[in-house]
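S.K.: You'll find target_32.txt just under this line, and it carries compact mmCIF, N, CA and C atoms.
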# COMPACT_ATOMS: atom_id res chain seq x y z
N MET A 1229 3.96 -30.16 -29.36
CA MET A 1229 4.29 -29.21 -28.31
C MET A 1229 4.47 -29.93 -26.99
N ALA A 1230 3.73 -31.01 -26.74
CA ALA A 1230 3.88 -31.75 -25.49
C ALA A 1230 5.25 -32.38 -25.39
N LEU A 1231 5.84 -32.78 -26.48
CA LEU A 1231 7.16 -33.39 -26.45
C LEU A 1231 8.25 -32.37 -26.14
N ARG A 1232 8.04 -31.14 -26.51
CA ARG A 1232 9.03 -30.11 -26.31
C ARG A 1232 9.35 -29.90 -24.82
N PHE A 1233 8.35 -30.01 -23.96
CA PHE A 1233 8.54 -29.78 -22.52
C PHE A 1233 8.52 -31.07 -21.71
N SER A 1234 8.69 -32.18 -22.36
CA SER A 1234 8.64 -33.46 -21.64
C SER A 1234 9.78 -33.60 -20.64
N PHE A 1235 10.90 -32.93 -20.87
CA PHE A 1235 12.02 -33.02 -19.93
C PHE A 1235 11.68 -32.41 -18.58
N LEU A 1236 10.72 -31.49 -18.55
CA LEU A 1236 10.33 -30.86 -17.28
C LEU A 1236 9.45 -31.77 -16.44
N ARG A 1237 8.74 -32.67 -17.09
CA ARG A 1237 7.76 -33.48 -16.39
C ARG A 1237 8.38 -34.30 -15.27
N GLY A 1238 9.46 -34.93 -15.49
CA GLY A 1238 10.07 -35.79 -14.48
C GLY A 1238 10.78 -35.03 -13.37
N SER A 1239 11.26 -33.84 -13.64
CA SER A 1239 12.06 -33.13 -12.64
C SER A 1239 11.22 -32.50 -11.53
N PHE A 1240 9.93 -32.28 -11.76
CA PHE A 1240 9.10 -31.64 -10.75
C PHE A 1240 8.25 -32.62 -9.95
N LEU A 1241 8.24 -33.86 -10.33
CA LEU A 1241 7.45 -34.85 -9.61
C LEU A 1241 8.28 -35.46 -8.49
N PRO A 1242 7.69 -35.67 -7.32
CA PRO A 1242 8.45 -36.30 -6.23
C PRO A 1242 8.74 -37.77 -6.57
N ARG A 1243 9.85 -38.24 -6.04
CA ARG A 1243 10.23 -39.64 -6.27
C ARG A 1243 9.33 -40.56 -5.47
N ARG A 1244 9.40 -41.82 -5.79
CA ARG A 1244 8.59 -42.81 -5.10
C ARG A 1244 8.88 -42.77 -3.61
N GLY A 1245 7.84 -42.76 -2.78
CA GLY A 1245 8.00 -42.72 -1.34
C GLY A 1245 8.06 -41.30 -0.78
N GLU A 1246 8.31 -40.33 -1.62
CA GLU A 1246 8.39 -38.95 -1.16
C GLU A 1246 7.02 -38.28 -1.13
N HIS A 1247 6.01 -38.93 -1.70
CA HIS A 1247 4.65 -38.37 -1.68
C HIS A 1247 4.17 -38.19 -0.24
N VAL A 1248 4.45 -39.19 0.60
CA VAL A 1248 4.01 -39.13 1.99
C VAL A 1248 4.71 -37.98 2.72
N LYS A 1249 6.02 -37.83 2.48
CA LYS A 1249 6.76 -36.75 3.11
C LYS A 1249 6.24 -35.39 2.66
N LEU A 1250 5.94 -35.28 1.37
CA LEU A 1250 5.44 -34.02 0.84
C LEU A 1250 4.07 -33.68 1.43
N LEU A 1251 3.19 -34.65 1.51
CA LEU A 1251 1.87 -34.42 2.10
C LEU A 1251 1.96 -34.07 3.58
N LEU A 1252 2.83 -34.74 4.30
CA LEU A 1252 3.02 -34.44 5.72
C LEU A 1252 3.57 -33.03 5.92
N ALA A 1253 4.53 -32.64 5.10
CA ALA A 1253 5.10 -31.30 5.20
C ALA A 1253 4.04 -30.24 4.89
N LEU A 1254 3.22 -30.47 3.88
CA LEU A 1254 2.15 -29.52 3.55
C LEU A 1254 1.12 -29.42 4.67
N ALA A 1255 0.77 -30.55 5.26
CA ALA A 1255 -0.22 -30.54 6.34
C ALA A 1255 0.32 -29.81 7.56
N LEU A 1256 1.56 -30.07 7.94
CA LEU A 1256 2.16 -29.39 9.09
C LEU A 1256 2.31 -27.90 8.83
N GLY A 1257 2.68 -27.54 7.63
CA GLY A 1257 2.80 -26.13 7.29
C GLY A 1257 1.46 -25.42 7.35
N GLY A 1258 0.42 -26.10 6.91
CA GLY A 1258 -0.92 -25.52 6.96
C GLY A 1258 -1.40 -25.34 8.38
N LEU A 1259 -1.13 -26.30 9.23
CA LEU A 1259 -1.53 -26.20 10.63
C LEU A 1259 -0.76 -25.10 11.35
N ALA A 1260 0.49 -24.94 11.02
CA ALA A 1260 1.30 -23.92 11.68
C ALA A 1260 0.80 -22.53 11.33
N GLY A 1261 0.25 -22.35 10.16
CA GLY A 1261 -0.24 -21.04 9.76
C GLY A 1261 -1.66 -20.76 10.16
N CYS A 1262 -2.36 -21.70 10.75
CA CYS A 1262 -3.78 -21.54 11.07
C CYS A 1262 -4.02 -21.59 12.57
N HIS A 1263 -3.43 -20.69 13.30
CA HIS A 1263 -3.65 -20.68 14.74
C HIS A 1263 -5.05 -20.23 15.08
N GLY A 1264 -5.60 -19.28 14.31
CA GLY A 1264 -6.94 -18.80 14.59
C GLY A 1264 -6.95 -17.66 15.57
N THR A 1265 -6.13 -17.73 16.59
CA THR A 1265 -6.10 -16.65 17.56
C THR A 1265 -4.67 -16.27 17.84
N GLY A 1266 -4.51 -15.04 18.24
CA GLY A 1266 -3.20 -14.59 18.65
C GLY A 1266 -2.89 -15.12 20.02
N THR A 1267 -1.72 -15.71 20.18
CA THR A 1267 -1.37 -16.26 21.48
C THR A 1267 -0.57 -15.24 22.26
N THR A 1268 -0.70 -15.28 23.56
CA THR A 1268 0.02 -14.35 24.43
C THR A 1268 0.97 -15.13 25.32
N GLU A 1269 2.07 -14.50 25.64
CA GLU A 1269 3.04 -15.09 26.56
C GLU A 1269 2.79 -14.62 27.99
N ASP A 1270 1.97 -13.61 28.16
CA ASP A 1270 1.68 -13.04 29.48
C ASP A 1270 0.77 -14.01 30.24
N SER A 1271 1.27 -14.57 31.31
CA SER A 1271 0.52 -15.59 32.06
C SER A 1271 -0.79 -15.05 32.64
N GLN A 1272 -0.83 -13.77 32.95
CA GLN A 1272 -2.06 -13.20 33.51
C GLN A 1272 -3.12 -12.97 32.43
N LEU A 1273 -2.72 -12.88 31.17
CA LEU A 1273 -3.69 -12.71 30.08
C LEU A 1273 -4.18 -14.04 29.51
N LYS A 1274 -3.51 -15.13 29.85
CA LYS A 1274 -3.89 -16.44 29.31
C LYS A 1274 -5.33 -16.85 29.67
N PRO A 1275 -5.83 -16.60 30.90
CA PRO A 1275 -7.23 -16.94 31.18
C PRO A 1275 -8.21 -16.16 30.30
N ILE A 1276 -7.89 -14.92 29.99
CA ILE A 1276 -8.75 -14.13 29.10
C ILE A 1276 -8.71 -14.72 27.70
N GLN A 1277 -7.51 -15.10 27.26
CA GLN A 1277 -7.37 -15.73 25.94
C GLN A 1277 -8.18 -17.01 25.86
N ALA A 1278 -8.09 -17.85 26.90
CA ALA A 1278 -8.83 -19.12 26.91
C ALA A 1278 -10.34 -18.88 26.87
N MET A 1279 -10.82 -17.89 27.62
CA MET A 1279 -12.24 -17.57 27.63
C MET A 1279 -12.70 -17.14 26.24
N LEU A 1280 -11.91 -16.27 25.59
CA LEU A 1280 -12.29 -15.79 24.27
C LEU A 1280 -12.25 -16.91 23.23
N GLU A 1281 -11.26 -17.78 23.31
CA GLU A 1281 -11.19 -18.91 22.38
C GLU A 1281 -12.41 -19.81 22.52
N GLN A 1282 -12.87 -19.99 23.76
CA GLN A 1282 -14.03 -20.84 24.00
C GLN A 1282 -15.33 -20.17 23.59
N GLN A 1283 -15.49 -18.90 23.94
CA GLN A 1283 -16.76 -18.21 23.71
C GLN A 1283 -16.90 -17.64 22.30
N LEU A 1284 -15.77 -17.27 21.68
CA LEU A 1284 -15.80 -16.63 20.37
C LEU A 1284 -14.84 -17.32 19.41
N PRO A 1285 -15.21 -18.50 18.91
CA PRO A 1285 -14.32 -19.22 17.99
C PRO A 1285 -14.22 -18.49 16.65
N PRO A 1286 -13.23 -18.83 15.83
CA PRO A 1286 -13.13 -18.23 14.50
C PRO A 1286 -14.44 -18.39 13.73
N HIS A 1287 -14.74 -17.42 12.89
CA HIS A 1287 -15.95 -17.36 12.05
C HIS A 1287 -17.20 -16.94 12.82
N THR A 1288 -17.04 -16.50 14.08
CA THR A 1288 -18.18 -15.96 14.82
C THR A 1288 -18.59 -14.64 14.15
N PRO A 1289 -19.89 -14.45 13.89
CA PRO A 1289 -20.32 -13.19 13.28
C PRO A 1289 -20.00 -11.99 14.17
N GLU A 1290 -19.73 -10.87 13.53
CA GLU A 1290 -19.38 -9.64 14.25
C GLU A 1290 -20.47 -9.25 15.25
N GLU A 1291 -21.73 -9.45 14.87
CA GLU A 1291 -22.83 -9.09 15.77
C GLU A 1291 -22.77 -9.88 17.07
N LYS A 1292 -22.38 -11.15 16.99
CA LYS A 1292 -22.29 -11.98 18.20
C LYS A 1292 -21.13 -11.53 19.08
N VAL A 1293 -20.05 -11.08 18.46
CA VAL A 1293 -18.92 -10.57 19.24
C VAL A 1293 -19.34 -9.33 20.00
N VAL A 1294 -20.03 -8.41 19.32
CA VAL A 1294 -20.51 -7.18 19.97
C VAL A 1294 -21.49 -7.52 21.09
N LEU A 1295 -22.40 -8.46 20.84
CA LEU A 1295 -23.36 -8.88 21.85
C LEU A 1295 -22.65 -9.48 23.07
N PHE A 1296 -21.66 -10.30 22.83
CA PHE A 1296 -20.87 -10.89 23.92
C PHE A 1296 -20.22 -9.79 24.77
N LEU A 1297 -19.60 -8.82 24.10
CA LEU A 1297 -18.93 -7.73 24.82
C LEU A 1297 -19.94 -6.91 25.61
N ASP A 1298 -21.07 -6.59 24.99
CA ASP A 1298 -22.12 -5.82 25.68
C ASP A 1298 -22.68 -6.57 26.88
N ASN A 1299 -22.98 -7.85 26.70
CA ASN A 1299 -23.57 -8.65 27.78
C ASN A 1299 -22.64 -8.79 28.99
N HIS A 1300 -21.34 -8.75 28.75
CA HIS A 1300 -20.38 -8.87 29.85
C HIS A 1300 -19.91 -7.52 30.37
N GLY A 1301 -20.41 -6.44 29.79
CA GLY A 1301 -20.04 -5.11 30.26
C GLY A 1301 -18.64 -4.68 29.89
N TYR A 1302 -18.07 -5.27 28.82
CA TYR A 1302 -16.73 -4.89 28.39
C TYR A 1302 -16.84 -3.69 27.45
N PRO A 1303 -16.19 -2.58 27.77
CA PRO A 1303 -16.32 -1.39 26.93
C PRO A 1303 -15.64 -1.57 25.57
N ILE A 1304 -16.35 -1.12 24.53
CA ILE A 1304 -15.79 -1.12 23.18
C ILE A 1304 -15.15 0.23 22.94
N LEU A 1305 -13.91 0.20 22.48
CA LEU A 1305 -13.14 1.42 22.25
C LEU A 1305 -13.15 1.79 20.77
N ALA A 1306 -12.67 2.96 20.46
CA ALA A 1306 -12.56 3.38 19.06
C ALA A 1306 -11.51 2.52 18.36
N ALA A 1307 -11.88 1.93 17.24
CA ALA A 1307 -10.97 1.07 16.49
C ALA A 1307 -10.11 1.92 15.56
N GLN A 1308 -8.88 1.50 15.37
CA GLN A 1308 -7.95 2.21 14.49
C GLN A 1308 -8.16 1.84 13.03
N LYS A 1309 -8.61 0.60 12.78
CA LYS A 1309 -8.77 0.11 11.41
C LYS A 1309 -10.18 -0.38 11.18
N GLN A 1310 -10.61 -0.26 9.93
CA GLN A 1310 -11.91 -0.81 9.57
C GLN A 1310 -11.81 -2.34 9.61
N GLY A 1311 -12.88 -2.99 10.00
CA GLY A 1311 -12.86 -4.45 10.10
C GLY A 1311 -12.32 -4.95 11.42
N THR A 1312 -12.20 -4.05 12.40
CA THR A 1312 -11.73 -4.45 13.72
C THR A 1312 -12.65 -3.89 14.79
N ILE A 1313 -12.64 -4.56 15.93
CA ILE A 1313 -13.30 -4.08 17.14
C ILE A 1313 -12.26 -4.15 18.24
N VAL A 1314 -12.17 -3.10 19.04
CA VAL A 1314 -11.22 -3.06 20.14
C VAL A 1314 -12.02 -2.92 21.43
N ALA A 1315 -11.69 -3.76 22.41
CA ALA A 1315 -12.40 -3.72 23.70
C ALA A 1315 -11.41 -3.96 24.83
N ASN A 1316 -11.74 -3.41 26.00
CA ASN A 1316 -10.99 -3.70 27.21
C ASN A 1316 -11.74 -4.78 27.98
N ILE A 1317 -11.05 -5.88 28.25
CA ILE A 1317 -11.66 -6.98 28.99
C ILE A 1317 -10.95 -7.07 30.34
N ARG A 1318 -11.73 -6.98 31.38
CA ARG A 1318 -11.19 -6.98 32.74
C ARG A 1318 -11.60 -8.26 33.43
N ARG A 1319 -10.62 -8.94 34.01
CA ARG A 1319 -10.84 -10.16 34.79
C ARG A 1319 -10.01 -10.07 36.05
N THR A 1320 -10.36 -10.87 37.04
CA THR A 1320 -9.57 -10.91 38.27
C THR A 1320 -8.62 -12.09 38.20
N ASP A 1321 -7.34 -11.80 38.39
CA ASP A 1321 -6.33 -12.84 38.46
C ASP A 1321 -6.48 -13.51 39.81
N THR A 1322 -6.91 -14.77 39.81
CA THR A 1322 -7.19 -15.47 41.07
C THR A 1322 -5.93 -15.74 41.88
N ALA A 1323 -4.79 -15.89 41.22
CA ALA A 1323 -3.55 -16.16 41.95
C ALA A 1323 -3.07 -14.90 42.68
N ALA A 1324 -3.12 -13.77 42.01
CA ALA A 1324 -2.64 -12.53 42.62
C ALA A 1324 -3.78 -11.72 43.25
N VAL A 1325 -5.01 -12.14 43.04
CA VAL A 1325 -6.21 -11.45 43.51
C VAL A 1325 -6.15 -9.96 43.13
N GLN A 1326 -5.84 -9.73 41.87
CA GLN A 1326 -5.77 -8.38 41.33
C GLN A 1326 -6.50 -8.35 39.99
N PRO A 1327 -7.08 -7.21 39.65
CA PRO A 1327 -7.71 -7.12 38.33
C PRO A 1327 -6.66 -7.07 37.23
N VAL A 1328 -6.98 -7.71 36.13
CA VAL A 1328 -6.11 -7.71 34.95
C VAL A 1328 -6.95 -7.20 33.79
N ILE A 1329 -6.40 -6.27 33.05
CA ILE A 1329 -7.11 -5.72 31.90
C ILE A 1329 -6.34 -6.10 30.64
N ALA A 1330 -7.06 -6.59 29.65
CA ALA A 1330 -6.48 -6.88 28.35
C ALA A 1330 -7.15 -5.99 27.31
N ARG A 1331 -6.36 -5.37 26.49
CA ARG A 1331 -6.88 -4.63 25.34
C ARG A 1331 -6.91 -5.64 24.20
N VAL A 1332 -8.12 -5.97 23.76
CA VAL A 1332 -8.29 -7.02 22.76
C VAL A 1332 -8.74 -6.40 21.45
N THR A 1333 -8.03 -6.72 20.39
CA THR A 1333 -8.42 -6.29 19.05
C THR A 1333 -8.93 -7.51 18.31
N PHE A 1334 -10.18 -7.45 17.88
CA PHE A 1334 -10.81 -8.52 17.10
C PHE A 1334 -10.71 -8.16 15.63
N TYR A 1335 -10.27 -9.10 14.81
CA TYR A 1335 -10.12 -8.88 13.37
C TYR A 1335 -11.17 -9.70 12.62
N PHE A 1336 -11.86 -9.02 11.69
CA PHE A 1336 -12.93 -9.66 10.93
C PHE A 1336 -12.59 -9.69 9.44
N ASP A 1337 -13.15 -10.70 8.75
CA ASP A 1337 -12.95 -10.80 7.30
C ASP A 1337 -13.98 -9.93 6.57
N ALA A 1338 -13.99 -10.01 5.25
CA ALA A 1338 -14.89 -9.19 4.43
C ALA A 1338 -16.36 -9.54 4.67
N ASN A 1339 -16.63 -10.75 5.16
CA ASN A 1339 -18.00 -11.18 5.45
C ASN A 1339 -18.40 -10.90 6.90
N ARG A 1340 -17.56 -10.13 7.60
CA ARG A 1340 -17.80 -9.75 8.99
C ARG A 1340 -17.84 -10.96 9.93
N LYS A 1341 -16.96 -11.91 9.66
CA LYS A 1341 -16.78 -13.08 10.52
C LYS A 1341 -15.41 -12.96 11.19
N LEU A 1342 -15.33 -13.40 12.43
CA LEU A 1342 -14.11 -13.27 13.21
C LEU A 1342 -12.99 -14.13 12.61
N ASN A 1343 -11.86 -13.48 12.34
CA ASN A 1343 -10.67 -14.21 11.88
C ASN A 1343 -9.82 -14.60 13.08
N THR A 1344 -9.44 -13.60 13.86
CA THR A 1344 -8.56 -13.82 15.00
C THR A 1344 -8.70 -12.64 15.96
N PHE A 1345 -7.98 -12.71 17.06
CA PHE A 1345 -7.93 -11.58 17.98
C PHE A 1345 -6.54 -11.49 18.56
N GLU A 1346 -6.22 -10.31 19.07
CA GLU A 1346 -4.90 -10.06 19.64
C GLU A 1346 -5.08 -9.44 21.02
N LEU A 1347 -4.34 -9.93 21.99
CA LEU A 1347 -4.39 -9.40 23.36
C LEU A 1347 -3.12 -8.65 23.68
N GLN A 1348 -3.27 -7.52 24.36
CA GLN A 1348 -2.13 -6.79 24.91
C GLN A 1348 -2.59 -6.05 26.14
N ARG A 1349 -1.64 -5.68 26.94
CA ARG A 1349 -1.98 -4.86 28.10
C ARG A 1349 -2.17 -3.43 27.62
N PRO A 1350 -3.15 -2.73 28.20
CA PRO A 1350 -3.30 -1.32 27.85
C PRO A 1350 -2.07 -0.53 28.27
N VAL A 1351 -1.85 0.58 27.62
CA VAL A 1351 -0.68 1.41 27.93
C VAL A 1351 -0.72 1.86 29.39
N SER A 1352 -1.90 2.09 29.91
CA SER A 1352 -2.02 2.60 31.29
C SER A 1352 -1.76 1.53 32.35
N GLU A 1353 -1.75 0.25 31.96
CA GLU A 1353 -1.53 -0.82 32.95
C GLU A 1353 -0.19 -1.50 32.69
N PRO A 1354 0.76 -1.37 33.62
CA PRO A 1354 2.05 -2.01 33.44
C PRO A 1354 1.92 -3.53 33.56
N GLY A 1355 2.82 -4.23 32.90
CA GLY A 1355 2.81 -5.69 32.97
C GLY A 1355 3.27 -6.20 34.31
N ARG A 1356 2.49 -7.07 34.91
CA ARG A 1356 2.87 -7.70 36.18
C ARG A 1356 2.97 -9.18 35.91
N ARG A 1357 4.09 -9.79 36.33
CA ARG A 1357 4.24 -11.23 36.09
C ARG A 1357 4.63 -11.95 37.32
Will you turn the file into structure tokens for me?

M.R.:
Amino acid sequence: MALRFSFLRGSFLPRRGEHVKLLLALALGGLAGCHGTGTTEDSQLKPIQAMLEQQLPPHTPEEKVVLFLDNHGYPILAAQKQGTIVANIRRTDTAAVQPVIARVTFYFDANRKLNTFELQRPVSEPGRR
């Protein structure tokens, strides 16, 4: 039976020297898919994103996320989906000296560990750039 499919063996193996290219492509593809956090293009939300990335890295337990939000006085809103926490985080934009509010959705895995988060402006606050 092994001889019957021997013609397939050579066609699926990379040629000599292509192993490095294949490993590099796999590594880059893996890194591209593992951002950990949702990135924002809104320059006024970037400081909030940086703070959350520093204070709440991936795999942070859900209890620590709730404790962080409570300790900073950030209100937790009703979540639309199970396994998520939604909060409004308010910071002062030092350049414009205006408050900026981000609606942050935290996503957790089945073990209640933080996977990622997403930032957006609340519907009530128009985008200022």

S.K.: Counting only C-alpha atoms, I want the residues whose atoms come within 10 Å of (-16.8, -4.1, 10.7) in the file frame, returned as a list in words.

M.R.: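 Within 10 Å of (-16.8, -4.1, 10.7), the protein and nucleic acid residues are Glu1290, Glu1291, Ala1307, Lys1309, Gln1310, Gly1311, Thr1312, Ile1313, Phe1334, Tyr1335, Phe1336, Asp1337, Ala1338, Asn1339, Arg1340, Lys1341 and Leu1342 of chain A.
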
S.K.: With distances taken over all atoms listed in the file, which of A:Val1314, A:Leu1273, A:Phe1345, A:Val1294 is nearest to A:Val1328?

M.R.: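 Ranked by minimum distance to A:Val1328, first place goes to A:Leu1273.
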
S.K.: From the options A:Thr1268, A:Pro1350, A:Met1279, A:Thr1288, which residue's atoms come nearest to A:Asn1316, counting only N, CA and C atoms?

M.R.: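 Nearest to A:Asn1316: A:Pro1350.
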
S.K.: What does the structure give for the distance between atom N of A:Gln1308 and atom CA of A:Asp1321, in Å to one decimal?

M.R.: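 So the two atoms, atom N of A:Gln1308 and atom CA of A:Asp1321, lie 27.3 Å apart.
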
S.K.: Restricting the calculation to only C-alpha atoms, which member of A:Ala1330, A:Ala1278, A:Gln1283, A:Ala1323 is positioned closest to A:Tyr1302?

M.R.: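 Of A:Ala1330, A:Ala1278, A:Gln1283, A:Ala1323, the one nearest A:Tyr1302, counting only C-alpha atoms, is A:Ala1330.
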
S.K.: So the first atom is atom CA of A:Thr1344 and the second is atom CA of A:Val1325; what is the distance between them in Å, to one decimal place?

M.R.: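 Calculated distance between atom CA of A:Thr1344 and atom CA of A:Val1325 is 28.7 Å.
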
S.K.: So which one's closest to A:Ile1317, A:Leu1280, A:Arg1331, A:Asp1270, A:Asn1299? Using all atoms listed in the file, please.

M.R.: A:Arg1331

S.K.: When DSSP works through the backbone of this structure, what residues of stretch 1259-1314 of chain A end up as alpha helix (DSSP H), shown as a compact mmCIF listing (two decimals) with N, CA and C atoms, in the frame of the given file?

M.R.:
# COMPACT_ATOMS: atom_id res chain seq x y z
N LEU A 1259 -1.13 -26.30 9.23
CA LEU A 1259 -1.53 -26.20 10.63
C LEU A 1259 -0.76 -25.10 11.35
N ALA A 1260 0.49 -24.94 11.02
CA ALA A 1260 1.30 -23.92 11.68
C ALA A 1260 0.80 -22.53 11.33
N LYS A 1274 -3.51 -15.13 29.85
CA LYS A 1274 -3.89 -16.44 29.31
C LYS A 1274 -5.33 -16.85 29.67
N PRO A 1275 -5.83 -16.60 30.90
CA PRO A 1275 -7.23 -16.94 31.18
C PRO A 1275 -8.21 -16.16 30.30
N ILE A 1276 -7.89 -14.92 29.99
CA ILE A 1276 -8.75 -14.13 29.10
C ILE A 1276 -8.71 -14.72 27.70
N GLN A 1277 -7.51 -15.10 27.26
CA GLN A 1277 -7.37 -15.73 25.94
C GLN A 1277 -8.18 -17.01 25.86
N ALA A 1278 -8.09 -17.85 26.90
CA ALA A 1278 -8.83 -19.12 26.91
C ALA A 1278 -10.34 -18.88 26.87
N MET A 1279 -10.82 -17.89 27.62
CA MET A 1279 -12.24 -17.57 27.63
C MET A 1279 -12.70 -17.14 26.24
N LEU A 1280 -11.91 -16.27 25.59
CA LEU A 1280 -12.29 -15.79 24.27
C LEU A 1280 -12.25 -16.91 23.23
N GLU A 1281 -11.26 -17.78 23.31
CA GLU A 1281 -11.19 -18.91 22.38
C GLU A 1281 -12.41 -19.81 22.52
N GLN A 1282 -12.87 -19.99 23.76
CA GLN A 1282 -14.03 -20.84 24.00
C GLN A 1282 -15.33 -20.17 23.59
N GLN A 1283 -15.49 -18.90 23.94
CA GLN A 1283 -16.76 -18.21 23.71
C GLN A 1283 -16.90 -17.64 22.30
N GLU A 1290 -19.73 -10.87 13.53
CA GLU A 1290 -19.38 -9.64 14.25
C GLU A 1290 -20.47 -9.25 15.25
N GLU A 1291 -21.73 -9.45 14.87
CA GLU A 1291 -22.83 -9.09 15.77
C GLU A 1291 -22.77 -9.88 17.07
N LYS A 1292 -22.38 -11.15 16.99
CA LYS A 1292 -22.29 -11.98 18.20
C LYS A 1292 -21.13 -11.53 19.08
N VAL A 1293 -20.05 -11.08 18.46
CA VAL A 1293 -18.92 -10.57 19.24
C VAL A 1293 -19.34 -9.33 20.00
N VAL A 1294 -20.03 -8.41 19.32
CA VAL A 1294 -20.51 -7.18 19.97
C VAL A 1294 -21.49 -7.52 21.09
N LEU A 1295 -22.40 -8.46 20.84
CA LEU A 1295 -23.36 -8.88 21.85
C LEU A 1295 -22.65 -9.48 23.07
N PHE A 1296 -21.66 -10.30 22.83
CA PHE A 1296 -20.87 -10.89 23.92
C PHE A 1296 -20.22 -9.79 24.77
N LEU A 1297 -19.60 -8.82 24.10
CA LEU A 1297 -18.93 -7.73 24.82
C LEU A 1297 -19.94 -6.91 25.61
N ASP A 1298 -21.07 -6.59 24.99
CA ASP A 1298 -22.12 -5.82 25.68
C ASP A 1298 -22.68 -6.57 26.88
N ASN A 1299 -22.98 -7.85 26.70
CA ASN A 1299 -23.57 -8.65 27.78
C ASN A 1299 -22.64 -8.79 28.99

S.K.: Between atom N of A:Asn1343 and atom C of A:Arg1319, what is the distance, to one decimal in Å?

M.R.: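 About the pair atom N of A:Asn1343 and atom C of A:Arg1319: they are 24.0 Å apart.
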
S.K.: Would you please give, as an NGL selection string, all residues of stretch 1281-1357 of chain A that DSSP assigns to strand (DSSP E or B) based on the backbone?

M.R.: :A and (1289 or 1304-1305 or 1312-1321 or 1326-1336 or 1341-1348)

S.K.: Would you pick out the contacts of A:Leu1297 at 8 Å or less, using only C-alpha atoms, so that residues sharing its chain but fewer than 6 positions from it are not included, and give the list as an MDAnalysis selection string?

M.R.: chainID A and resid 1303:1304 1315

S.K.: To box stretch 1288-1292 of chain A, take all atoms listed in the file, fit an axis-aligned box, add 3 Å on each side, and give centre and edge lengths in Å to one decimal, as JSON.

M.R.:
{"center_x": -19.9, "center_y": -12.8, "center_z": 16.2, "size_x": 11.8, "size_y": 13.4, "size_z": 11.8}

S.K.: Nearest to A:Arg1349 among A:Ile1329, A:Gly1301, A:Pro1286, A:Phe1296, with distances taken over all atoms listed in the file: which residue is it?

M.R.: A:Ile1329
